[in-house]
Each structure stands twice: as structure tokens, then as C-alpha cells.
Amino acid sequence: MERTTIDLWVGVFVALGLAAIFGLALKVGNLTSSNIGATYTVTAAFENIGGLKPHAPVKSAGVVIGRVDSIVFNSKDYEAEVTLKLDKRYEFPKDTFANIYTAGLLGEQYIGLESGGEETMLKNGDKISHTQDAVVLEKMISQFLYNKASDTKSSEKTKAAE
Amino acid sequence: MFNGLQGVFASLGHRVIEGVWRIGAGARLFFYIGFYLLESFKRPRLIVREIFATGVLSLLIILVSAFFVGMVLGLQGYNTLQKYGSSEAIGVLVALSLVRELGPVVTALLFAGRAGTAITAEIGLMKATEQLSAMEMMAVSPVARVIAPRFWAGVISMPILAALFSMVGVLGGYFVAVPIIGVDSGAFWSQMQASVDFRDDIVNGVIKSVVFGIVCSMIALFEGYDAPPTAEGVSRATTRTVVNSSLAVLGLDFILTAFMIGA
């Protein structure tokens, strides 16, 4: 088949397009950073997950070691069941704590794992039993106000007693 | 008075019937293109030539406008984000708005203006000078020989152009944010990578551009094929191509976004 300059230009065009898609995937998107290789799955139940979403990072000591795979509501004990996919390279003791934290003041929510001291390690399909819910700002504020009110009341009482 | 009213209803009815007729004819043309699918890919030479005409020759306008759109996004985004002390998030803003929306949509609008009008005028003129009828006389199907290669060229070119638009736009945003404004380069890229998802953002953008490619090429081809074989008819058809393609792209973009975000 005879080659023409048009073929050359179309070849350049298609190559540029593929390069742009690769560039978007690798440089702009998270295709490189979300790649955590082989994983194992553990679950954790929370009473309140706040704004946690699937694909949120799971961190330990600040390092991303997995992702949240799915979140479902368990209507038996009214808890949110969160499935985590953790990197196979990292193992955690059975009594590991799973907490929901917020990155910064208004940032996204992620799960932080704090390892415990037990000898046996978490296996595929295990459940993390020690969990701490997301902090709900309204609850915190109302608790603060309640404490404040009871403080002033008790101080008034002590004053009156004096 | 009664006659005038009758005239209004008559023209209204005429327009409705005309619209339905055109939809039917367009659907038939679409079906024929699908019918000649194998035949057109057996002769890739024709498609390659049309990709050169629609895709390669649109590169300049796409790349230049992408760079400027990216730079404007960078400037505007910085202006607002800086008030909240999060100017590093500018990379996220530029990348997400380009990859999700502006890349596919602006590319499609430019494509309709740059390549769609050329297709309509070419086919309309081919019809006016009876080249299409001559082909039929020689038992060559004009749909297989003229229409289908242009359709596939548009469908192939659009995602490539949209991807290039997004990539060059991000580089334009980078150019404004990092060397000119002085945002930290590492934060620019790392925040972008943390928030742009390959499946949810980039692949959805590509899907959008494929849909826009189908719609824009289809409208341009149909308007050309359907144009009255006169100078005025071809000029009107070219105008209709731009108007209808732009409206279709913007409307479809809303529907596609609703599907993608809702899912």
C-alpha cells in the first residue's frame, strides 16, 4: 500500500490523542496513586460514618495503605458496615482500632488504623471490632453547651452554699 | 381574520410535520450508516482521509483555545480560591472542570463550527452539483462512499480532540498557576491526582466526547444530505448545522452528566 503524507499526519494525530489520554490518566488522574496491588478485605462496623464515601483512603500513621471498598447499612443492628481493601504487604493485629478522621477542618473523611498489641493478625474477611465513629460537629457543640450550662449551674450552687 | 388564523395553524402544522419527517429521514440515514459499517472499515483509506480533514485540520483551533481556556480557569480559580486560603486546590479546579465538562463540550462546539460546517457545505454542494446522483447512477452508494467515512472519522476524531483539549488545558492552567502566580508545583499536581478519578472523571469525559462525536457528525451529515440543492439551501443547512449541533451538545451534556453523577 502506498503511503501518503495524510497517513503520516493522521498517525501523528492519533498518537497525540493516545498520549493525551495516557497523560490524563497518569499525570492528572489517580491511576498511579490508587494502584495498591494485591489486597485483602476486612470489615468494620460504625454507628455513624459521617461523610465517609467509597474510595476514601485508609491510612495508618498517615500513609495510605488501602481504600474503602463499599459501605452498606446493616438493618439488624442499625450500623454502617464498611468494607476495607488493604494492601497485602501490611498486616495488622486483631485488636486494631479503626477511627474515622477528617483531613483538615473541612477536608474529606478517611479511616485511620491504629494497630493494637495482639499476636494474631487480621485475615481476609475478618471484622475489626474496635471502632470509633466520625465526629459529628452538631453533637460536639451541643455537648459543649450542655457542659457549659451545667458548669455555670454548679458554680452558682457552690456560690449559694457559701 | 379567519384566513390569517388559518394561515398560522397551517404553518404551525407544516413545521411540526416537517420536523417529524426530518427526524425520520435522519434515523434512516443513521441506520444506513450502521448498515455499511463493515464496508466502510474494509476501506480504511477513505476514513483516514476524512480524519485528516476533520481531525488533524481542527488541531490548531482546539489546542490554542484549550490553552487559553486553561489559563483563564487558572486565573479565575486562583482569584476565588485565594480568598479561602486554598490556592493549591487550583489544580483540582482546573483539571476537574476540564476533564468533566469543558474538554468534551467546548471541543464539540468548536468541532461543530470548524468541521461540521465544512462537512455540511461539502455534501450539500455535492448534492447541488448532482455528484451524489451520479454515484447512484454508477451503482455506487453515496452513503457508503461519502457519508459513512465522514461519520466514522468524526466519531474517531472527537475523543482524541477532547483528550488533547483537556491535557493542553491542564498545561495552560499549570502555566498560569505555577510560573506566573507561584503556586507550589508539587501541591498543584498531587492535589489534582488525589481528586481526579480515572474511572469517574476521565473515562466519563471520553464517553461524553464519543457521544458528542456521534451527534455532531450525524447532524452535519444529515443537514448536508437533506439540504435543498441551491446556494441558499446549502447556506441555510450550514447555519442549521451549527445551531442544532450546539443545542444538541449542550442538552445532551446535561442528560449525560445527570446519568453519570446520579450513578
# chains A, B, ... in the order shown; residues from 1 in each chain; ligands from 1
>>> residues_around(residues="region 241-246 of chain B", least_positions_apart="5", cutoff="6 Å", atoms="only C-alpha atoms", output="list in words")
Leu109, Ala112, Gly113, Cys216 and Ala220 of chain B
>>> residues_around(residues="region 35-47 of chain B", least_positions_apart="2", cutoff="7 Å", atoms="only C-alpha atoms", output="number ranges by chain")
B: 31-33, 49-51, 144, 148-150, 152-153
>>> write_last_selection(atoms="C-alpha atoms", output="PDB file, in the first residue's frame")
ATOM      1  CA  PHE B  31     -29.468   3.141  10.033  1.00  0.00           C
ATOM      2  CA  TYR B  32     -27.830   3.098   6.586  1.00  0.00           C
ATOM      3  CA  ILE B  33     -24.521   4.193   8.098  1.00  0.00           C
ATOM      4  CA  ARG B  49      -8.553  10.877   4.600  1.00  0.00           C
ATOM      5  CA  GLU B  50     -11.614  12.197   6.406  1.00  0.00           C
ATOM      6  CA  ILE B  51      -9.855  12.043   9.778  1.00  0.00           C
ATOM      7  CA  ALA B 144     -21.189   4.020   1.772  1.00  0.00           C
ATOM      8  CA  ALA B 148     -20.209   6.749   6.283  1.00  0.00           C
ATOM      9  CA  PRO B 149     -16.447   7.525   6.109  1.00  0.00           C
ATOM     10  CA  ARG B 150     -17.118  11.087   7.292  1.00  0.00           C
ATOM     11  CA  TRP B 152     -16.666   7.374  11.420  1.00  0.00           C
ATOM     12  CA  ALA B 153     -13.947   9.982  11.020  1.00  0.00           C
TER      13      ALA B 153
END
>>> residues_around(residues="region 105-122 of chain A", least_positions_apart="2", cutoff="7 Å", atoms="only C-alpha atoms", output="list of chain:residue names")
A:Gly51, A:Leu52, A:Ala56, A:Pro57, A:Val58, A:Lys59, A:Ser60, A:Glu91, A:Phe92, A:Pro93, A:Lys94, A:Asp95, A:Thr96, A:Phe97, A:Ala98, A:Asn99, A:Ile100, A:Tyr101, A:Thr102, A:Ala103, A:Asn124, A:Asp126
>>> write_last_selection(atoms="N, CA and C atoms", output="tab-separated table (two decimals), in the first residue's frame")
chain	number	residue	atom	x	y	z
A	51	GLY	N	-19.36	11.59	56.80
A	51	GLY	CA	-19.37	11.79	55.35
A	51	GLY	C	-18.45	10.84	54.61
A	52	LEU	N	-18.15	9.69	55.21
A	52	LEU	CA	-17.23	8.74	54.56
A	52	LEU	C	-17.85	8.21	53.27
A	56	ALA	N	-12.63	6.25	49.67
A	56	ALA	CA	-11.89	7.09	50.60
A	56	ALA	C	-10.64	6.33	51.04
A	57	PRO	N	-9.55	7.04	51.32
A	57	PRO	CA	-8.32	6.35	51.69
A	57	PRO	C	-8.39	5.74	53.10
A	58	VAL	N	-7.67	4.65	53.29
A	58	VAL	CA	-7.45	4.08	54.62
A	58	VAL	C	-5.98	4.33	54.94
A	59	LYS	N	-5.73	5.02	56.07
A	59	LYS	CA	-4.36	5.38	56.37
A	59	LYS	C	-3.94	4.79	57.71
A	60	SER	N	-2.66	4.52	57.79
A	60	SER	CA	-2.09	4.15	59.08
A	60	SER	C	-0.82	4.96	59.22
A	91	GLU	N	0.20	-6.02	57.45
A	91	GLU	CA	-0.68	-6.81	58.32
A	91	GLU	C	-0.92	-6.05	59.61
A	92	PHE	N	-2.12	-6.24	60.16
A	92	PHE	CA	-2.46	-5.54	61.39
A	92	PHE	C	-2.94	-6.53	62.43
A	93	PRO	N	-2.66	-6.27	63.72
A	93	PRO	CA	-3.13	-7.15	64.78
A	93	PRO	C	-4.65	-7.15	64.87
A	94	LYS	N	-5.19	-8.19	65.52
A	94	LYS	CA	-6.64	-8.35	65.61
A	94	LYS	C	-7.31	-7.21	66.35
A	95	ASP	N	-6.59	-6.61	67.33
A	95	ASP	CA	-7.24	-5.56	68.13
A	95	ASP	C	-6.93	-4.16	67.61
A	96	THR	N	-6.78	-4.05	66.28
A	96	THR	CA	-6.52	-2.75	65.68
A	96	THR	C	-7.75	-1.84	65.81
A	97	PHE	N	-7.48	-0.57	66.07
A	97	PHE	CA	-8.55	0.41	66.15
A	97	PHE	C	-8.80	1.03	64.79
A	98	ALA	N	-10.07	1.13	64.38
A	98	ALA	CA	-10.42	1.83	63.14
A	98	ALA	C	-11.18	3.10	63.51
A	99	ASN	N	-10.61	4.25	63.19
A	99	ASN	CA	-11.26	5.53	63.51
A	99	ASN	C	-11.58	6.27	62.23
A	100	ILE	N	-12.64	7.07	62.27
A	100	ILE	CA	-12.94	7.92	61.12
A	100	ILE	C	-12.44	9.33	61.44
A	101	TYR	N	-11.54	9.81	60.64
A	101	TYR	CA	-10.95	11.14	60.85
A	101	TYR	C	-11.33	12.04	59.68
A	102	THR	N	-11.11	13.33	59.88
A	102	THR	CA	-11.32	14.30	58.81
A	102	THR	C	-9.98	14.94	58.49
A	103	ALA	N	-9.67	15.02	57.18
A	103	ALA	CA	-8.42	15.65	56.78
A	103	ALA	C	-8.62	17.16	56.81
A	124	ASN	N	-8.12	-12.12	55.73
A	124	ASN	CA	-9.15	-11.78	54.75
A	124	ASN	C	-10.53	-12.13	55.30
A	126	ASP	N	-12.00	-10.82	57.96
A	126	ASP	CA	-12.16	-10.56	59.39
A	126	ASP	C	-12.88	-9.25	59.64
>>> interface_residues(of="chain A", to="chain B", cutoff="8 Å", atoms="only C-alpha atoms", output="PyMOL selection string")
chain A and resi 6-7+9-10+13-14+16-18+20-21+23-25+27-31+33
>>> select_by_dssp(residues="region 99-143 of chain A", states="strand (DSSP E or B)", output="list in words")
Asn99, Ile100, Tyr101, Thr102, Gln109, Tyr110, Ile111, Gly112, Leu113, Glu114, Met121, Lys127, Ile128, His130, Thr131 and Gln132 of chain A
>>> atom_distance(atom1="CA of Tyr40 (chain A)", atom2="CA of Leu26 (chain A)")
24.9 Å
>>> residues_around(residues="Thr39 (chain A)", least_positions_apart="5", cutoff="6 Å", atoms="only C-alpha atoms", output="list in words")
Lys85, Leu86, Asp87 and Lys88 of chain A
>>> write_last_selection(atoms="C-alpha atoms", output="compact mmCIF listing (two decimals), in the first residue's frame")
# COMPACT_ATOMS: atom_id res chain seq x y z
CA LYS A 85 -9.45 -3.22 50.98
CA LEU A 86 -5.97 -3.23 52.50
CA ASP A 87 -2.64 -3.77 50.83
CA LYS A 88 -1.43 -7.38 51.26
>>> atom_distance(atom1="CA of Ala44 (chain A)", atom2="CA of Val72 (chain A)")
10.8 Å
>>> atom_distance(atom1="CA of Thr131 (chain A)", atom2="CA of Phe46 (chain A)")
6.4 Å
>>> closest_residue(among="B:Thr120, B:Asn204, B:Ser87, B:Ser141", to="Ala237 (chain B)", atoms="only C-alpha atoms")
B:Thr120
>>> decode(residues="region 5-41 of chain B", atoms="N, CA and C atoms", output="PDB file, in the first residue's frame")
ATOM      1  N   LEU B   5     -55.778  33.377  10.729  1.00  0.00           N
ATOM      2  CA  LEU B   5     -55.683  32.343  11.761  1.00  0.00           C
ATOM      3  C   LEU B   5     -55.389  30.989  11.123  1.00  0.00           C
ATOM      4  N   GLN B   6     -56.084  30.761  10.022  1.00  0.00           N
ATOM      5  CA  GLN B   6     -55.888  29.502   9.319  1.00  0.00           C
ATOM      6  C   GLN B   6     -54.429  29.368   8.857  1.00  0.00           C
ATOM      7  N   GLY B   7     -53.913  30.512   8.387  1.00  0.00           N
ATOM      8  CA  GLY B   7     -52.522  30.506   7.935  1.00  0.00           C
ATOM      9  C   GLY B   7     -51.572  30.155   9.067  1.00  0.00           C
ATOM     10  N   VAL B   8     -51.839  30.717  10.265  1.00  0.00           N
ATOM     11  CA  VAL B   8     -50.974  30.434  11.420  1.00  0.00           C
ATOM     12  C   VAL B   8     -50.977  28.948  11.722  1.00  0.00           C
ATOM     13  N   PHE B   9     -52.196  28.360  11.789  1.00  0.00           N
ATOM     14  CA  PHE B   9     -52.278  26.930  12.103  1.00  0.00           C
ATOM     15  C   PHE B   9     -51.623  26.093  11.026  1.00  0.00           C
ATOM     16  N   ALA B  10     -51.841  26.521   9.778  1.00  0.00           N
ATOM     17  CA  ALA B  10     -51.267  25.753   8.673  1.00  0.00           C
ATOM     18  C   ALA B  10     -49.753  25.742   8.754  1.00  0.00           C
ATOM     19  N   SER B  11     -49.160  26.911   9.031  1.00  0.00           N
ATOM     20  CA  SER B  11     -47.690  26.949   9.066  1.00  0.00           C
ATOM     21  C   SER B  11     -47.175  26.185  10.277  1.00  0.00           C
ATOM     22  N   LEU B  12     -47.931  26.261  11.403  1.00  0.00           N
ATOM     23  CA  LEU B  12     -47.534  25.507  12.594  1.00  0.00           C
ATOM     24  C   LEU B  12     -47.530  24.005  12.289  1.00  0.00           C
ATOM     25  N   GLY B  13     -48.619  23.559  11.668  1.00  0.00           N
ATOM     26  CA  GLY B  13     -48.727  22.146  11.325  1.00  0.00           C
ATOM     27  C   GLY B  13     -47.631  21.735  10.360  1.00  0.00           C
ATOM     28  N   HIS B  14     -47.359  22.637   9.409  1.00  0.00           N
ATOM     29  CA  HIS B  14     -46.326  22.328   8.432  1.00  0.00           C
ATOM     30  C   HIS B  14     -44.978  22.119   9.122  1.00  0.00           C
ATOM     31  N   ARG B  15     -44.692  23.012  10.088  1.00  0.00           N
ATOM     32  CA  ARG B  15     -43.411  22.906  10.801  1.00  0.00           C
ATOM     33  C   ARG B  15     -43.309  21.593  11.571  1.00  0.00           C
ATOM     34  N   VAL B  16     -44.416  21.238  12.253  1.00  0.00           N
ATOM     35  CA  VAL B  16     -44.389  20.003  13.049  1.00  0.00           C
ATOM     36  C   VAL B  16     -44.159  18.808  12.141  1.00  0.00           C
ATOM     37  N   ILE B  17     -44.942  18.776  11.033  1.00  0.00           N
ATOM     38  CA  ILE B  17     -44.818  17.625  10.126  1.00  0.00           C
ATOM     39  C   ILE B  17     -43.410  17.589   9.530  1.00  0.00           C
ATOM     40  N   GLU B  18     -42.899  18.763   9.183  1.00  0.00           N
ATOM     41  CA  GLU B  18     -41.544  18.857   8.631  1.00  0.00           C
ATOM     42  C   GLU B  18     -40.521  18.291   9.628  1.00  0.00           C
ATOM     43  N   GLY B  19     -40.699  18.687  10.919  1.00  0.00           N
ATOM     44  CA  GLY B  19     -39.769  18.212  11.949  1.00  0.00           C
ATOM     45  C   GLY B  19     -39.804  16.703  12.069  1.00  0.00           C
ATOM     46  N   VAL B  20     -41.011  16.140  12.126  1.00  0.00           N
ATOM     47  CA  VAL B  20     -41.138  14.688  12.261  1.00  0.00           C
ATOM     48  C   VAL B  20     -40.526  13.998  11.050  1.00  0.00           C
ATOM     49  N   TRP B  21     -40.780  14.577   9.882  1.00  0.00           N
ATOM     50  CA  TRP B  21     -40.240  13.999   8.653  1.00  0.00           C
ATOM     51  C   TRP B  21     -38.714  13.977   8.694  1.00  0.00           C
ATOM     52  N   ARG B  22     -38.146  15.079   9.179  1.00  0.00           N
ATOM     53  CA  ARG B  22     -36.677  15.164   9.220  1.00  0.00           C
ATOM     54  C   ARG B  22     -36.091  14.165  10.221  1.00  0.00           C
ATOM     55  N   ILE B  23     -36.798  14.002  11.355  1.00  0.00           N
ATOM     56  CA  ILE B  23     -36.303  13.024  12.337  1.00  0.00           C
ATOM     57  C   ILE B  23     -36.288  11.634  11.723  1.00  0.00           C
ATOM     58  N   GLY B  24     -37.384  11.312  11.020  1.00  0.00           N
ATOM     59  CA  GLY B  24     -37.461  10.005  10.381  1.00  0.00           C
ATOM     60  C   GLY B  24     -36.358   9.815   9.353  1.00  0.00           C
ATOM     61  N   ALA B  25     -36.143  10.844   8.519  1.00  0.00           N
ATOM     62  CA  ALA B  25     -35.115  10.735   7.481  1.00  0.00           C
ATOM     63  C   ALA B  25     -33.738  10.609   8.116  1.00  0.00           C
ATOM     64  N   GLY B  26     -33.504  11.373   9.212  1.00  0.00           N
ATOM     65  CA  GLY B  26     -32.218  11.286   9.908  1.00  0.00           C
ATOM     66  C   GLY B  26     -31.994   9.901  10.472  1.00  0.00           C
ATOM     67  N   ALA B  27     -33.041   9.317  11.068  1.00  0.00           N
ATOM     68  CA  ALA B  27     -32.918   7.974  11.633  1.00  0.00           C
ATOM     69  C   ALA B  27     -32.601   6.968  10.542  1.00  0.00           C
ATOM     70  N   ARG B  28     -33.209   7.172   9.345  1.00  0.00           N
ATOM     71  CA  ARG B  28     -32.968   6.244   8.242  1.00  0.00           C
ATOM     72  C   ARG B  28     -31.508   6.346   7.784  1.00  0.00           C
ATOM     73  N   LEU B  29     -31.009   7.584   7.738  1.00  0.00           N
ATOM     74  CA  LEU B  29     -29.612   7.777   7.336  1.00  0.00           C
ATOM     75  C   LEU B  29     -28.667   7.103   8.339  1.00  0.00           C
ATOM     76  N   PHE B  30     -28.999   7.261   9.640  1.00  0.00           N
ATOM     77  CA  PHE B  30     -28.208   6.652  10.703  1.00  0.00           C
ATOM     78  C   PHE B  30     -28.189   5.130  10.541  1.00  0.00           C
ATOM     79  N   PHE B  31     -29.361   4.586  10.228  1.00  0.00           N
ATOM     80  CA  PHE B  31     -29.468   3.141  10.033  1.00  0.00           C
ATOM     81  C   PHE B  31     -28.610   2.686   8.865  1.00  0.00           C
ATOM     82  N   TYR B  32     -28.637   3.460   7.755  1.00  0.00           N
ATOM     83  CA  TYR B  32     -27.830   3.098   6.586  1.00  0.00           C
ATOM     84  C   TYR B  32     -26.343   3.109   6.918  1.00  0.00           C
ATOM     85  N   ILE B  33     -25.940   4.132   7.729  1.00  0.00           N
ATOM     86  CA  ILE B  33     -24.521   4.193   8.098  1.00  0.00           C
ATOM     87  C   ILE B  33     -24.131   2.941   8.863  1.00  0.00           C
ATOM     88  N   GLY B  34     -25.005   2.522   9.787  1.00  0.00           N
ATOM     89  CA  GLY B  34     -24.745   1.288  10.521  1.00  0.00           C
ATOM     90  C   GLY B  34     -24.728   0.086   9.593  1.00  0.00           C
ATOM     91  N   PHE B  35     -25.604   0.114   8.578  1.00  0.00           N
ATOM     92  CA  PHE B  35     -25.711  -0.976   7.619  1.00  0.00           C
ATOM     93  C   PHE B  35     -24.409  -1.141   6.842  1.00  0.00           C
ATOM     94  N   TYR B  36     -23.736   0.010   6.532  1.00  0.00           N
ATOM     95  CA  TYR B  36     -22.491  -0.043   5.763  1.00  0.00           C
ATOM     96  C   TYR B  36     -21.249  -0.079   6.654  1.00  0.00           C
ATOM     97  N   LEU B  37     -21.454  -0.452   7.936  1.00  0.00           N
ATOM     98  CA  LEU B  37     -20.351  -0.432   8.912  1.00  0.00           C
ATOM     99  C   LEU B  37     -19.150  -1.227   8.421  1.00  0.00           C
ATOM    100  N   LEU B  38     -19.397  -2.508   8.038  1.00  0.00           N
ATOM    101  CA  LEU B  38     -18.284  -3.369   7.629  1.00  0.00           C
ATOM    102  C   LEU B  38     -17.634  -2.829   6.369  1.00  0.00           C
ATOM    103  N   GLU B  39     -18.488  -2.407   5.446  1.00  0.00           N
ATOM    104  CA  GLU B  39     -17.991  -1.927   4.164  1.00  0.00           C
ATOM    105  C   GLU B  39     -17.055  -0.729   4.350  1.00  0.00           C
ATOM    106  N   SER B  40     -17.419   0.181   5.281  1.00  0.00           N
ATOM    107  CA  SER B  40     -16.576   1.372   5.411  1.00  0.00           C
ATOM    108  C   SER B  40     -15.256   1.031   6.085  1.00  0.00           C
ATOM    109  N   PHE B  41     -15.256   0.035   6.995  1.00  0.00           N
ATOM    110  CA  PHE B  41     -13.969  -0.291   7.628  1.00  0.00           C
ATOM    111  C   PHE B  41     -13.119  -1.217   6.767  1.00  0.00           C
TER     112      PHE B  41
END
